[in-house]
file start.pdb (PDB, C-alpha atoms)
ATOM      1  CA  MET F 179       7.218  43.155 100.166
ATOM      2  CA  GLN F 180       7.960  45.897  97.661
ATOM      3  CA  LEU F 181       7.547  43.445  94.722
ATOM      4  CA  SER F 182       4.062  42.259  95.850
ATOM      5  CA  LYS F 183       2.364  45.611  95.253
ATOM      6  CA  PRO F 184       3.101  45.805  91.515
ATOM      7  CA  LEU F 185       2.047  42.151  91.166
ATOM      8  CA  TRP F 186      -1.206  42.803  92.923
ATOM      9  CA  GLU F 187      -1.866  45.888  90.829
ATOM     10  CA  GLY F 188      -1.169  43.868  87.670
ATOM     11  CA  LYS F 189      -3.653  41.213  88.660
ATOM     12  CA  LEU F 190      -6.226  43.846  89.478
ATOM     13  CA  PHE F 191      -5.697  45.428  86.075
ATOM     14  CA  LEU F 192      -6.231  42.088  84.345
ATOM     15  CA  VAL F 193      -9.412  41.500  86.302
ATOM     16  CA  ILE F 194     -10.726  44.965  85.444
ATOM     17  CA  LEU F 195      -9.747  44.507  81.796
ATOM     18  CA  THR F 196     -11.467  41.128  81.691
ATOM     19  CA  CYS F 197     -14.628  42.622  83.158
ATOM     20  CA  ILE F 198     -14.564  45.441  80.626
ATOM     21  CA  VAL F 199     -14.095  42.992  77.747
ATOM     22  CA  LEU F 200     -16.877  40.746  79.026
ATOM     23  CA  ALA F 201     -19.138  43.735  79.574
ATOM     24  CA  GLY F 202     -18.699  44.674  75.923
ATOM     25  CA  PHE F 203     -18.583  41.144  74.502
ATOM     26  CA  VAL F 204     -21.807  39.820  76.003
ATOM     27  CA  PRO F 205     -24.018  42.634  74.612
ATOM     28  CA  ALA F 206     -22.212  42.311  71.295
ATOM     29  CA  VAL F 207     -22.973  38.579  71.217
ATOM     30  CA  LEU F 208     -26.586  39.177  72.199
ATOM     31  CA  PHE F 209     -26.904  41.901  69.569
ATOM     32  CA  THR F 210     -25.389  39.607  66.951
ATOM     33  CA  VAL F 211     -27.745  36.774  67.893
ATOM     34  CA  VAL F 212     -30.814  39.018  67.734
ATOM     35  CA  ILE F 213     -29.875  40.648  64.453
ATOM     36  CA  GLY F 214     -28.693  37.346  63.019
ATOM     37  CA  SER F 215     -31.955  35.684  64.014
ATOM     38  CA  ARG F 216     -33.966  38.383  62.279
ATOM     39  CA  ILE F 217     -31.850  38.140  59.153
ATOM     40  CA  LEU F 218     -32.139  34.343  59.188
ATOM     41  CA  ARG F 219     -35.920  34.497  59.583
ATOM     42  CA  LYS F 220     -36.085  36.941  56.669
ATOM     43  CA  MET F 221     -33.903  34.631  54.580
ATOM     44  CA  LEU F 222     -35.992  31.572  55.472
ATOM     45  CA  LYS F 223     -39.333  33.296  54.931
ATOM     46  CA  PRO F 224     -39.440  32.432  51.187
ATOM     47  CA  ILE F 225     -38.748  28.788  52.092
ATOM     48  CA  ASP F 226     -41.584  28.817  54.641
ATOM     49  CA  ASN F 227     -43.861  30.315  52.000
ATOM     50  CA  MET F 228     -42.801  27.606  49.531
ATOM     51  CA  ILE F 229     -43.549  24.895  52.095
ATOM     52  CA  GLY F 230     -46.977  26.370  52.849
ATOM     53  CA  THR F 231     -47.832  26.693  49.164
ATOM     54  CA  ALA F 232     -46.602  23.173  48.396
ATOM     55  CA  LYS F 233     -48.788  21.742  51.181
ATOM     56  CA  ALA F 234     -51.824  23.566  49.795
ATOM     57  CA  ILE F 235     -51.428  22.039  46.315
ATOM     58  CA  SER F 236     -53.653  19.047  45.613
ATOM     59  CA  ALA F 237     -55.192  17.240  42.653
ATOM     60  CA  ALA F 238     -58.319  19.348  43.139
ATOM     61  CA  ASP F 239     -56.333  22.583  42.830
ATOM     62  CA  LEU F 240     -53.273  22.491  40.601
ATOM     63  CA  ASN F 241     -53.439  26.173  39.676
ATOM     64  CA  THR F 242     -51.413  27.384  42.675
ATOM     65  CA  ARG F 243     -47.812  28.392  41.980
ATOM     66  CA  LEU F 244     -44.873  29.396  44.149
ATOM     67  CA  SER F 245     -44.216  33.129  44.319
ATOM     68  CA  VAL F 246     -40.836  34.190  42.962
ATOM     69  CA  VAL F 247     -41.190  37.875  43.894
ATOM     70  CA  ASP F 248     -39.321  37.678  47.222
ATOM     71  CA  SER F 249     -36.984  34.905  46.140
ATOM     72  CA  HIS F 250     -33.440  35.502  44.992
ATOM     73  CA  ASP F 251     -30.702  33.564  43.275
ATOM     74  CA  GLU F 252     -30.869  29.851  44.077
ATOM     75  CA  LEU F 253     -34.275  30.066  45.797
ATOM     76  CA  LYS F 254     -35.737  31.813  42.773
ATOM     77  CA  ASP F 255     -34.310  29.135  40.484
ATOM     78  CA  LEU F 256     -35.759  26.457  42.774
ATOM     79  CA  ALA F 257     -39.203  28.116  42.762
ATOM     80  CA  GLU F 258     -39.218  28.488  38.975
ATOM     81  CA  THR F 259     -38.142  24.852  38.530
ATOM     82  CA  PHE F 260     -40.893  23.732  40.906
ATOM     83  CA  ASN F 261     -43.466  25.833  39.031
ATOM     84  CA  ASP F 262     -42.348  24.331  35.708
ATOM     85  CA  MET F 263     -42.811  20.869  37.192
ATOM     86  CA  LEU F 264     -46.319  21.840  38.356
ATOM     87  CA  ASP F 265     -47.126  23.103  34.841
ATOM     88  CA  ARG F 266     -46.176  19.713  33.388
ATOM     89  CA  ILE F 267     -48.120  17.837  36.063
ATOM     90  CA  GLN F 268     -51.201  20.007  35.512
ATOM     91  CA  ALA F 269     -51.034  19.583  31.729
ATOM     92  CA  SER F 270     -50.714  15.811  32.112
ATOM     93  CA  TYR F 271     -53.543  15.666  34.646
ATOM     94  CA  GLU F 272     -55.862  17.769  32.456
ATOM     95  CA  GLN F 273     -55.028  15.620  29.426
ATOM     96  CA  GLN F 274     -55.845  12.483  31.396
ATOM     97  CA  ASP F 275     -59.048  14.061  32.699
ATOM     98  CA  ARG F 276     -60.139  14.994  29.172
ATOM     99  CA  PHE F 277     -59.265  11.512  27.973
ATOM    100  CA  VAL F 278     -61.422   9.854  30.637
ATOM    101  CA  SER F 279     -64.253  12.318  30.032
ATOM    102  CA  ASP F 280     -64.178  11.808  26.264
ATOM    103  CA  ALA F 281     -63.935   8.032  26.623
ATOM    104  CA  SER F 282     -66.914   8.021  28.975
ATOM    105  CA  HIS F 283     -68.884  10.139  26.514
ATOM    106  CA  GLU F 284     -68.051   7.833  23.611
ATOM    107  CA  LEU F 285     -69.058   4.747  25.586
ATOM    108  CA  ARG F 286     -72.282   6.336  26.787
ATOM    109  CA  THR F 287     -73.786   6.489  23.282
ATOM    110  CA  PRO F 288     -73.518   2.783  22.323
ATOM    111  CA  ILE F 289     -74.595   1.756  25.817
ATOM    112  CA  ALA F 290     -77.688   3.965  25.497
ATOM    113  CA  VAL F 291     -78.467   2.466  22.074
ATOM    114  CA  ILE F 292     -78.089  -1.091  23.377
ATOM    115  CA  GLN F 293     -80.254  -0.282  26.367
ATOM    116  CA  GLY F 294     -82.915   1.264  24.137
ATOM    117  CA  TYR F 295     -83.102  -1.746  21.835
ATOM    118  CA  ALA F 296     -83.091  -4.101  24.809
ATOM    119  CA  ASN F 297     -86.160  -2.303  26.152
ATOM    120  CA  LEU F 298     -87.726  -2.509  22.695
ATOM    121  CA  LEU F 299     -87.098  -6.254  22.637
ATOM    122  CA  GLN F 300     -88.581  -6.654  26.087
ATOM    123  CA  ARG F 301     -91.804  -4.908  25.067
ATOM    124  CA  TRP F 302     -92.474  -6.076  21.506
ATOM    125  CA  GLY F 303     -89.565  -8.217  20.336
ATOM    126  CA  LYS F 304     -91.087 -11.555  21.282
ATOM    127  CA  GLU F 305     -94.132 -11.005  19.104
ATOM    128  CA  ASP F 306     -92.753  -8.873  16.269
ATOM    129  CA  LYS F 307     -90.042 -10.545  14.171
ATOM    130  CA  ALA F 308     -89.138  -7.264  12.407
ATOM    131  CA  VAL F 309     -88.494  -5.583  15.753
ATOM    132  CA  LEU F 310     -86.511  -8.620  16.874
ATOM    133  CA  ASP F 311     -84.278  -8.593  13.787
ATOM    134  CA  GLU F 312     -83.745  -4.826  13.909
ATOM    135  CA  SER F 313     -82.916  -4.888  17.620
ATOM    136  CA  VAL F 314     -80.476  -7.792  17.390
ATOM    137  CA  SER F 315     -78.715  -6.200  14.414
ATOM    138  CA  ALA F 316     -78.409  -2.823  16.173
ATOM    139  CA  ILE F 317     -77.163  -4.368  19.414
ATOM    140  CA  LYS F 318     -74.534  -6.394  17.533
ATOM    141  CA  ASN F 319     -73.419  -3.285  15.628
ATOM    142  CA  GLU F 320     -73.087  -1.170  18.781
ATOM    143  CA  ALA F 321     -71.284  -3.999  20.576
ATOM    144  CA  GLU F 322     -68.735  -4.065  17.733
ATOM    145  CA  ASN F 323     -68.348  -0.283  18.016
ATOM    146  CA  MET F 324     -67.742  -0.590  21.754
ATOM    147  CA  LYS F 325     -65.214  -3.363  21.230
ATOM    148  CA  ASP F 326     -63.346  -1.252  18.668
ATOM    149  CA  LEU F 327     -63.390   1.764  20.971
ATOM    150  CA  VAL F 328     -62.122  -0.216  23.970
ATOM    151  CA  GLU F 329     -59.320  -1.780  21.918
ATOM    152  CA  ARG F 330     -58.206   1.642  20.724
ATOM    153  CA  LEU F 331     -58.377   3.066  24.236
ATOM    154  CA  LEU F 332     -56.210   0.223  25.497
ATOM    155  CA  PHE F 333     -53.736   0.799  22.657
ATOM    156  CA  LEU F 334     -53.379   4.487  23.560
ATOM    157  CA  ALA F 335     -53.120   3.666  27.261
ATOM    158  CA  ARG F 336     -50.212   1.313  26.533
ATOM    159  CA  ALA F 337     -48.684   3.926  24.232
ATOM    160  CA  ASP F 338     -48.840   6.572  26.980
ATOM    161  CA  LYS F 339     -47.120   4.201  29.398
ATOM    162  CA  ASN F 340     -44.549   3.137  26.776
ATOM    163  CA  THR F 341     -45.649  -0.480  27.153
ATOM    164  CA  GLN F 342     -47.049  -0.918  23.637
ATOM    165  CA  LYS F 343     -44.882  -3.573  21.999
ATOM    166  CA  ILE F 344     -43.204  -2.882  18.677
ATOM    167  CA  GLU F 345     -41.761  -5.983  17.044
ATOM    168  CA  LYS F 346     -39.450  -4.784  14.289
ATOM    169  CA  THR F 347     -38.420  -6.963  11.381
ATOM    170  CA  LEU F 348     -37.123  -6.228   7.910
ATOM    171  CA  PHE F 349     -40.028  -6.296   5.445
ATOM    172  CA  SER F 350     -40.940  -4.948   2.023
ATOM    173  CA  LEU F 351     -42.954  -1.741   2.202
ATOM    174  CA  SER F 352     -43.654  -2.105  -1.519
ATOM    175  CA  GLU F 353     -45.321  -5.495  -0.963
ATOM    176  CA  LEU F 354     -47.346  -4.073   1.914
ATOM    177  CA  VAL F 355     -48.681  -1.239  -0.245
ATOM    178  CA  ASN F 356     -49.648  -3.695  -3.003
ATOM    179  CA  GLU F 357     -51.351  -5.875  -0.414
ATOM    180  CA  LEU F 358     -53.369  -2.949   0.935
ATOM    181  CA  MET F 359     -54.337  -1.945  -2.593
ATOM    182  CA  LYS F 360     -55.700  -5.425  -3.383
ATOM    183  CA  GLU F 361     -57.569  -5.680  -0.062
ATOM    184  CA  THR F 362     -59.134  -2.257  -0.525
ATOM    185  CA  LYS F 363     -60.385  -3.173  -3.994
ATOM    186  CA  LEU F 364     -61.995  -6.303  -2.530
ATOM    187  CA  ILE F 365     -63.771  -4.624   0.385
ATOM    188  CA  ASP F 366     -64.696  -1.350  -1.341
ATOM    189  CA  THR F 367     -66.858  -1.683  -4.430
ATOM    190  CA  GLU F 368     -68.332   1.835  -4.322
ATOM    191  CA  HIS F 369     -65.119   3.671  -5.281
ATOM    192  CA  THR F 370     -62.496   3.459  -7.967
ATOM    193  CA  VAL F 371     -59.346   2.262  -6.197
ATOM    194  CA  LYS F 372     -56.143   2.541  -8.142
ATOM    195  CA  GLY F 373     -52.473   2.964  -7.426
ATOM    196  CA  GLU F 374     -48.889   2.350  -8.360
ATOM    197  CA  VAL F 375     -45.747   1.153  -6.613
ATOM    198  CA  THR F 376     -42.421   2.222  -8.105
ATOM    199  CA  GLY F 377     -39.197   0.764  -6.806
ATOM    200  CA  ILE F 378     -38.672  -1.855  -4.137
ATOM    201  CA  VAL F 379     -38.033  -0.566  -0.636
ATOM    202  CA  SER F 380     -37.583  -2.542   2.582
ATOM    203  CA  ILE F 381     -37.817  -1.021   6.045
ATOM    204  CA  ASN F 382     -37.134  -2.209   9.555
ATOM    205  CA  GLY F 383     -40.363  -1.966  11.485
ATOM    206  CA  ASP F 384     -43.460  -3.619  12.872
ATOM    207  CA  ARG F 385     -45.303  -4.700   9.726
ATOM    208  CA  LYS F 386     -48.588  -5.285  11.525
ATOM    209  CA  LEU F 387     -48.608  -1.842  13.168
ATOM    210  CA  ILE F 388     -47.583   0.022  10.019
ATOM    211  CA  LYS F 389     -50.332  -1.767   8.092
ATOM    212  CA  GLN F 390     -52.757  -0.746  10.819
ATOM    213  CA  ALA F 391     -51.679   2.891  10.466
ATOM    214  CA  LEU F 392     -51.992   2.879   6.672
ATOM    215  CA  ARG F 393     -55.367   1.171   6.941
ATOM    216  CA  VAL F 394     -56.614   4.066   9.124
ATOM    217  CA  PHE F 395     -55.936   6.558   6.334
ATOM    218  CA  LEU F 396     -57.490   4.284   3.713
ATOM    219  CA  ASP F 397     -60.594   3.736   5.832
ATOM    220  CA  ASN F 398     -60.990   7.504   6.217
ATOM    221  CA  SER F 399     -60.737   7.940   2.453
ATOM    222  CA  ILE F 400     -63.425   5.281   1.951
ATOM    223  CA  ARG F 401     -65.654   6.767   4.644
ATOM    224  CA  TYR F 402     -65.451  10.396   3.493
ATOM    225  CA  THR F 403     -65.403   9.933  -0.283
ATOM    226  CA  PRO F 404     -68.849   9.821  -1.915
ATOM    227  CA  ALA F 405     -69.770   6.746  -3.933
ATOM    228  CA  GLY F 406     -68.203   6.849  -7.375
ATOM    229  CA  GLY F 407     -65.171   8.776  -6.127
ATOM    230  CA  THR F 408     -61.539   7.819  -6.618
ATOM    231  CA  ILE F 409     -58.948   6.664  -4.090
ATOM    232  CA  LYS F 410     -55.293   6.473  -5.096
ATOM    233  CA  ILE F 411     -52.550   4.553  -3.292
ATOM    234  CA  GLU F 412     -48.957   5.106  -4.338
ATOM    235  CA  GLY F 413     -45.652   3.845  -2.991
ATOM    236  CA  ARG F 414     -42.199   4.992  -4.022
ATOM    237  CA  VAL F 415     -38.604   5.408  -2.927
ATOM    238  CA  LYS F 416     -37.323   8.887  -2.201
ATOM    239  CA  GLY F 417     -33.675   9.057  -1.146
ATOM    240  CA  ASN F 418     -33.274   7.111   2.077
ATOM    241  CA  THR F 419     -37.003   6.960   2.730
ATOM    242  CA  GLY F 420     -40.051   5.049   1.623
ATOM    243  CA  VAL F 421     -43.051   7.220   0.780
ATOM    244  CA  VAL F 422     -46.705   6.159   0.750
ATOM    245  CA  GLU F 423     -49.346   8.541  -0.598
ATOM    246  CA  ILE F 424     -53.078   8.043  -0.120
ATOM    247  CA  GLU F 425     -55.241  10.513  -2.017
ATOM    248  CA  ASP F 426     -58.972  10.867  -2.529
ATOM    249  CA  ASN F 427     -61.431  13.320  -4.066
ATOM    250  CA  GLY F 428     -63.795  13.207  -1.098
ATOM    251  CA  ILE F 429     -65.367  15.896   1.075
ATOM    252  CA  GLY F 430     -62.017  17.183   2.312
ATOM    253  CA  ILE F 431     -61.083  18.879   5.594
ATOM    254  CA  SER F 432     -61.483  22.553   6.416
ATOM    255  CA  SER F 433     -58.476  24.709   7.271
ATOM    256  CA  GLU F 434     -59.916  25.179  10.778
ATOM    257  CA  ASP F 435     -60.097  21.434  11.422
ATOM    258  CA  LEU F 436     -56.855  20.399   9.724
ATOM    259  CA  PRO F 437     -54.484  21.304  12.615
ATOM    260  CA  HIS F 438     -56.537  19.176  15.035
ATOM    261  CA  ILE F 439     -57.201  15.978  13.087
ATOM    262  CA  PHE F 440     -54.620  14.003  15.092
ATOM    263  CA  ASP F 441     -56.046  15.105  18.463
ATOM    264  CA  ARG F 442     -57.723  12.339  20.391
ATOM    265  CA  PHE F 443     -61.510  12.182  19.985
ATOM    266  CA  TYR F 444     -61.449  15.139  17.607
ATOM    267  CA  LYS F 445     -64.162  14.899  14.955
ATOM    268  CA  CYS F 446     -64.541  17.370  12.101
ATOM    269  CA  ASP F 447     -68.212  16.545  11.571
ATOM    270  CA  LYS F 448     -69.849  14.800  14.520
ATOM    271  CA  SER F 449     -72.976  13.832  12.596
ATOM    272  CA  ARG F 450     -70.986  12.173   9.808
ATOM    273  CA  THR F 451     -68.467  10.468  12.097
ATOM    274  CA  ARG F 452     -71.107   9.001  14.383
ATOM    275  CA  GLU F 453     -73.011   7.625  11.414
ATOM    276  CA  GLY F 454     -69.805   6.152  10.008
ATOM    277  CA  GLY F 455     -68.760   4.543  13.282
ATOM    278  CA  SER F 456     -65.715   6.742  13.846
ATOM    279  CA  THR F 457     -64.250   6.925  17.358
ATOM    280  CA  GLY F 458     -61.955   9.871  16.723
ATOM    281  CA  LEU F 459     -58.952   7.812  17.834
ATOM    282  CA  GLY F 460     -57.713   6.204  14.626
ATOM    283  CA  LEU F 461     -55.587   9.112  13.429
ATOM    284  CA  SER F 462     -54.037   9.524  16.889
ATOM    285  CA  ILE F 463     -53.018   5.871  16.844
ATOM    286  CA  ALA F 464     -51.710   6.085  13.259
ATOM    287  CA  LYS F 465     -49.624   9.152  14.119
ATOM    288  CA  TRP F 466     -48.126   7.397  17.154
ATOM    289  CA  ILE F 467     -47.206   4.329  15.088
ATOM    290  CA  ILE F 468     -45.554   6.299  12.283
ATOM    291  CA  GLU F 469     -43.637   8.563  14.652
ATOM    292  CA  ARG F 470     -42.413   5.628  16.729
ATOM    293  CA  HIS F 471     -40.880   4.273  13.525
ATOM    294  CA  GLY F 472     -39.083   7.562  12.946
ATOM    295  CA  GLY F 473     -41.473   8.603  10.206
ATOM    296  CA  SER F 474     -43.619  11.635   9.513
ATOM    297  CA  ILE F 475     -47.091  12.462   8.179
ATOM    298  CA  ALA F 476     -48.111  15.398   6.002
ATOM    299  CA  VAL F 477     -51.746  16.119   5.174
ATOM    300  CA  GLU F 478     -53.013  18.326   2.356
ATOM    301  CA  SER F 479     -56.738  18.919   2.125
ATOM    302  CA  ALA F 480     -59.441  21.315   0.989
ATOM    303  CA  LEU F 481     -63.200  21.202   1.417
ATOM    304  CA  ASN F 482     -65.062  19.479  -1.417
ATOM    305  CA  LYS F 483     -61.801  18.791  -3.237
ATOM    306  CA  GLY F 484     -60.251  15.894  -1.369
ATOM    307  CA  THR F 485     -57.377  14.915   0.861
ATOM    308  CA  LYS F 486     -53.846  13.702   0.315
ATOM    309  CA  VAL F 487     -51.864  11.980   3.082
ATOM    310  CA  ILE F 488     -48.118  11.581   2.638
ATOM    311  CA  ILE F 489     -46.430   9.071   4.961
ATOM    312  CA  THR F 490     -42.642   8.991   5.012
ATOM    313  CA  LEU F 491     -40.688   6.184   6.675
ATOM    314  CA  PRO F 492     -36.899   5.800   6.976
ATOM    315  CA  VAL F 493     -35.361   2.902   5.072
TER     316      VAL F 493
END
call {"tool": "encode", "arguments": {"input": "start.pdb", "output": "structure tokens"}}
result
Amino acid sequence: MQLSKPLWEGKLFLVILTCIVLAGFVPAVLFTVVIGSRILRKMLKPIDNMIGTAKAISAADLNTRLSVVDSHDELKDLAETFNDMLDRIQASYEQQDRFVSDASHELRTPIAVIQGYANLLQRWGKEDKAVLDESVSAIKNEAENMKDLVERLLFLARADKNTQKIEKTLFSLSELVNELMKETKLIDTEHTVKGEVTGIVSINGDRKLIKQALRVFLDNSIRYTPAGGTIKIEGRVKGNTGVVEIEDNGIGISSEDLPHIFDRFYKCDKSRTREGGSTGLGLSIAKWIIERHGGSIAVESALNKGTKVIITLPV
């Protein structure tokens, strides 16, 4: 009986101690949960803001960006990376939008001309042979312009999607330059066409595409050099590269226009280019072709003095 009292007192002490611990532990847990919840909400607030901003972004409004003011460390890096991605998407979208707008504008003109001459034919073409001949000739000319424009648009569309085929073979660049020189002399009787090819150089590339690119520069020289002017075509070897130079003494390009000549649909003189049938896409296509072959293009020009184009291709 004397041993039971200390045992009972010990149990009572443990019970009291347990109650004291629980009385302190439960509020501590509750306090931790409340404070922890507030801290967690504060930490997750930037993520909630990112989610809300991301949901608000659409094709109609690509100017919105995630705020990085309240973000820290990894979240800030994530927000900046997301904003960089939006910048690239917006730039691509605006480029595509401009492309469609410019293409629509270019197609609108020949369609309007064709429609106008069709109306002219409907009214007087059956009775007036001169009107008939003029209308048919104009419609055929504008149809050719539209065909050329559509073909170039399709080329650039394939180039943007990396689906434009490049069939590379080993061919003589020297022979190609001589071939272009002879063809130009045949088709252009209003200018003095001369040139020289020194050395024999062969390159690995798509002969048809490279000829198309060189033809763009030659056509521009023909178009923008007054009758009686001179066009020079030269080909030579320089180290491990083949160099083609096309030079004219035509109207030249201003310093303001020169940095933009390879931009799509860019035209230095809209009145001249429309009259000459230019689409403003040829130089963009030529640049793409040369660069896809690892080459480069340099242009030197001055108003009323002429233009020199230097195309360099790796051997």
call {"tool": "resolve_selection", "arguments": {"input": "start.pdb", "expression": "the PyMOL selection byres ((chain F and resi 320) around 9)", "output": "list in words"}}
result
Thr287, Pro288, Ile289, Val291, Ile292, Ser315, Ala316, Ile317, Lys318, Asn319, Ala321, Glu322, Asn323, Met324 and Lys325 of chain F
call {"tool": "closest_residue", "arguments": {"input": "start.pdb", "among": "F:Val493, F:Thr376, F:Ser462, F:Ala391", "to": "Asn418 in chain F", "atoms": "all atoms listed in the file"}}
result
F:Val493
call {"tool": "resolve_selection", "arguments": {"input": "start.pdb", "expression": "the PyMOL selection byres ((chain F and resi 479) around 10)", "output": "mmCIF file with C-alpha atoms, keeping the file's coordinate frame"}}
result
data_model
loop_
_atom_site.group_PDB
_atom_site.id
_atom_site.type_symbol
_atom_site.label_atom_id
_atom_site.label_comp_id
_atom_site.auth_asym_id
_atom_site.auth_seq_id
_atom_site.Cartn_x
_atom_site.Cartn_y
_atom_site.Cartn_z
ATOM 1 C CA GLU F 425 -55.241 10.513 -2.017
ATOM 2 C CA ASP F 426 -58.972 10.867 -2.529
ATOM 3 C CA ASN F 427 -61.431 13.320 -4.066
ATOM 4 C CA GLY F 428 -63.795 13.207 -1.098
ATOM 5 C CA ILE F 429 -65.367 15.896 1.075
ATOM 6 C CA GLY F 430 -62.017 17.183 2.312
ATOM 7 C CA ILE F 431 -61.083 18.879 5.594
ATOM 8 C CA SER F 432 -61.483 22.553 6.416
ATOM 9 C CA SER F 433 -58.476 24.709 7.271
ATOM 10 C CA LEU F 436 -56.855 20.399 9.724
ATOM 11 C CA VAL F 477 -51.746 16.119 5.174
ATOM 12 C CA GLU F 478 -53.013 18.326 2.356
ATOM 13 C CA ALA F 480 -59.441 21.315 0.989
ATOM 14 C CA LEU F 481 -63.200 21.202 1.417
ATOM 15 C CA ASN F 482 -65.062 19.479 -1.417
ATOM 16 C CA LYS F 483 -61.801 18.791 -3.237
ATOM 17 C CA GLY F 484 -60.251 15.894 -1.369
ATOM 18 C CA THR F 485 -57.377 14.915 0.861
ATOM 19 C CA LYS F 486 -53.846 13.702 0.315
ATOM 20 C CA VAL F 487 -51.864 11.980 3.082
#
call {"tool": "residues_around", "arguments": {"input": "start.pdb", "residues": "Leu461 in chain F", "least_positions_apart": "6", "cutoff": "9 Å", "atoms": "only C-alpha atoms", "output": "NGL selection string"}}
result
:F and (391 or 394-395 or 439-442)
call {"tool": "write_last_selection", "arguments": {"input": "start.pdb", "atoms": "C-alpha atoms", "output": "PDB file, in the frame of the given file"}}
result
ATOM      1  CA  ALA F 391     -51.679   2.891  10.466  1.00  0.00           C
ATOM      2  CA  VAL F 394     -56.614   4.066   9.124  1.00  0.00           C
ATOM      3  CA  PHE F 395     -55.936   6.558   6.334  1.00  0.00           C
ATOM      4  CA  ILE F 439     -57.201  15.978  13.087  1.00  0.00           C
ATOM      5  CA  PHE F 440     -54.620  14.003  15.092  1.00  0.00           C
ATOM      6  CA  ASP F 441     -56.046  15.105  18.463  1.00  0.00           C
ATOM      7  CA  ARG F 442     -57.723  12.339  20.391  1.00  0.00           C
TER       8      ARG F 442
END
call {"tool": "resolve_selection", "arguments": {"input": "start.pdb", "expression": "the PyMOL selection byres ((chain F and resi 278-281) around 9)", "output": "ChimeraX atom specification"}}
result
/F:273-277,282-286,327-328,331,442-443
call {"tool": "atom_distance", "arguments": {"input": "start.pdb", "atom1": "CA of Ile467 in chain F", "atom2": "CA of Arg336 in chain F"}}
result
12.2 Å
call {"tool": "closest_residue", "arguments": {"input": "start.pdb", "among": "F:Ile213, F:Ile267, F:Leu354, F:Leu459", "to": "Leu387 in chain F", "atoms": "all atoms listed in the file"}}
result
F:Leu354
